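Asker: This structure is in structure tokens; I'll ask about it shortly.
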Amino acid sequence: MKATYGFRATMTALPGRGDELVALLLSATRNTGLVTNTDCVLYLVGRSASNPDVVHVTEGWTTQAAHAANLASPRAQALVVELASLVTGEARYQDEVPAGGKLGAGGGA
């Protein structure tokens with residue numbers, strides 16, 4: 001399946017709570033229906049190399065409508081409420097149009 005809509009978020013956890021924020025974001029991949037549906041073709045959680053409390057989420061969706069429908073779901077809204085308790089300041093969000101890339105194991109490094 002091809003991603004035609006991309007979404008990135010960067011958020012800062014409360015001091016020392018980056019591990020909890022990452023764990024909560026990764027919980028969305030565990031049979032919750034949030035990012036396990038076929039419309040989500042990429043869901044990547046990463047951390048800043050210089051500040052472990054800064055967390056990035058990169059998503060790829062088949063369509064912008066699929067992302068919006070997922071985000072509007074009761075499960076996603078409950079996750080957003082939980083996230084708010086771990087995050088300080090304003091999160092930064094960015095929409096994008098995927099142009100290409102690679103997903104999956106390749107020839108090794």
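Following the order of the structure tokens, chains are lettered A, B, ..., residues in each are numbered from 1, and ligands are numbered from 1.
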Just the strand (DSSP E) stuff from chain A, please, per backbone DSSP, written as number ranges by chain.

Answerer: A: 5-13, 40-47, 54-61, 87-96

Asker: Please return as an MDAnalysis selection string: the residues of range 11-58 of chain A that backbone DSSP assigns to alpha helix (DSSP H).

Answerer: chainID A and resid 18:27

Asker: As a list in words, please: the residues near Gly46 in chain A (cut-off 8 Å, only C-alpha atoms, same-chain neighbours under 2 positions excluded).

Answerer: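 Counting only C-alpha atoms, the residues come to Val22, Leu44, Ser48, Val55, His56 and Val57 of chain A.
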
Asker: Please, which residues in range 11-48 of chain A fall within 12 Å of range 75-85 of chain A when counting only C-alpha atoms, and what is the closest atom pair and distance in Å to one decimal for each, ordered by chain then residue number, as a tab-separated table?

Answerer:
```
residue	atom	partner	partner_atom	distance
A:Met11	CA	A:Leu83	CA	9.6
A:Thr12	CA	A:Leu83	CA	10.5
A:Ala13	CA	A:Leu83	CA	8.9
A:Leu14	CA	A:Ser85	CA	8.6
A:Arg17	CA	A:Ser85	CA	10.4
A:Gly18	CA	A:Leu83	CA	11.2
A:Glu20	CA	A:Leu83	CA	9.5
A:Leu21	CA	A:Leu83	CA	7.0
A:Val22	CA	A:Leu83	CA	9.9
A:Ala23	CA	A:Leu83	CA	10.6
A:Leu24	CA	A:Leu83	CA	7.5
A:Leu25	CA	A:Leu83	CA	8.1
A:Leu26	CA	A:Leu79	CA	10.9
A:Ser27	CA	A:Leu79	CA	9.3
A:Ala28	CA	A:Leu79	CA	8.2
A:Thr29	CA	A:Ala76	CA	11.7
A:Asn31	CA	A:Arg75	CA	11.6
A:Thr32	CA	A:Arg75	CA	7.8
A:Gly33	CA	A:Arg75	CA	8.1
A:Leu34	CA	A:Ala76	CA	6.4
A:Val35	CA	A:Ala76	CA	9.4
```

Asker: Go ahead and dump the residues you just picked, C-alpha atoms, as a PDB file, in the first residue's frame.

Answerer:
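So the final result, stored in part.pdb, reads:
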```
ATOM      1  CA  MET A  11       6.810  16.743  21.507  1.00  0.00           C
ATOM      2  CA  THR A  12       8.775  17.245  24.683  1.00  0.00           C
ATOM      3  CA  ALA A  13       8.070  15.055  27.682  1.00  0.00           C
ATOM      4  CA  LEU A  14       8.049  16.429  31.175  1.00  0.00           C
ATOM      5  CA  ARG A  17       9.534  11.173  31.444  1.00  0.00           C
ATOM      6  CA  GLY A  18      10.683  10.522  27.893  1.00  0.00           C
ATOM      7  CA  GLU A  20       6.979   6.902  29.494  1.00  0.00           C
ATOM      8  CA  LEU A  21       6.069   9.047  26.500  1.00  0.00           C
ATOM      9  CA  VAL A  22       7.785   6.642  24.099  1.00  0.00           C
ATOM     10  CA  ALA A  23       6.109   3.636  25.735  1.00  0.00           C
ATOM     11  CA  LEU A  24       2.691   5.260  25.457  1.00  0.00           C
ATOM     12  CA  LEU A  25       3.219   6.148  21.803  1.00  0.00           C
ATOM     13  CA  LEU A  26       4.438   2.636  21.030  1.00  0.00           C
ATOM     14  CA  SER A  27       1.396   1.165  22.773  1.00  0.00           C
ATOM     15  CA  ALA A  28      -0.588   2.390  19.750  1.00  0.00           C
ATOM     16  CA  THR A  29       1.074  -0.371  17.716  1.00  0.00           C
ATOM     17  CA  ASN A  31      -3.355  -4.483  18.664  1.00  0.00           C
ATOM     18  CA  THR A  32      -5.279  -1.361  19.655  1.00  0.00           C
ATOM     19  CA  GLY A  33      -6.538  -0.614  16.195  1.00  0.00           C
ATOM     20  CA  LEU A  34      -4.936   2.831  16.286  1.00  0.00           C
ATOM     21  CA  VAL A  35      -2.118   2.280  13.858  1.00  0.00           C
TER      22      VAL A  35
END
```

Asker: Here is a test: counting only C-alpha atoms, which residue of A:Glu59, A:Asp95, A:Thr36, A:Glu90 is nearest to Ala3 in chain A?

Answerer: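 Closest to Ala3 in chain A of all the choices is A:Glu59.
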
Asker: Pick from A:Ala9, A:Val87, A:Leu103, A:Ala68: nearest to Asp53 in chain A, with only C-alpha atoms counted?

Answerer: A:Val87

Asker: List as a PyMOL selection string the protein and nucleic acid residues near Lys2 in chain A, meaning an atom at most 10 Å away when only C-alpha atoms are counted, but skip any in the same chain fewer than 2 places from it.

Answerer: chain A and resi 4-5+39-42+60-63+98+100

Asker: So which one's closest to Pro52 in chain A, A:Gly6, A:Pro15, A:Glu96, A:Gly101? Using only C-alpha atoms, please.

Answerer: A:Pro15

Asker: Tell me, in Å to one decimal, how far CA of Ala69 in chain A is from CA of Tyr43 in chain A.

Answerer: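 Separation of CA of Ala69 in chain A and CA of Tyr43 in chain A: 15.9 Å.
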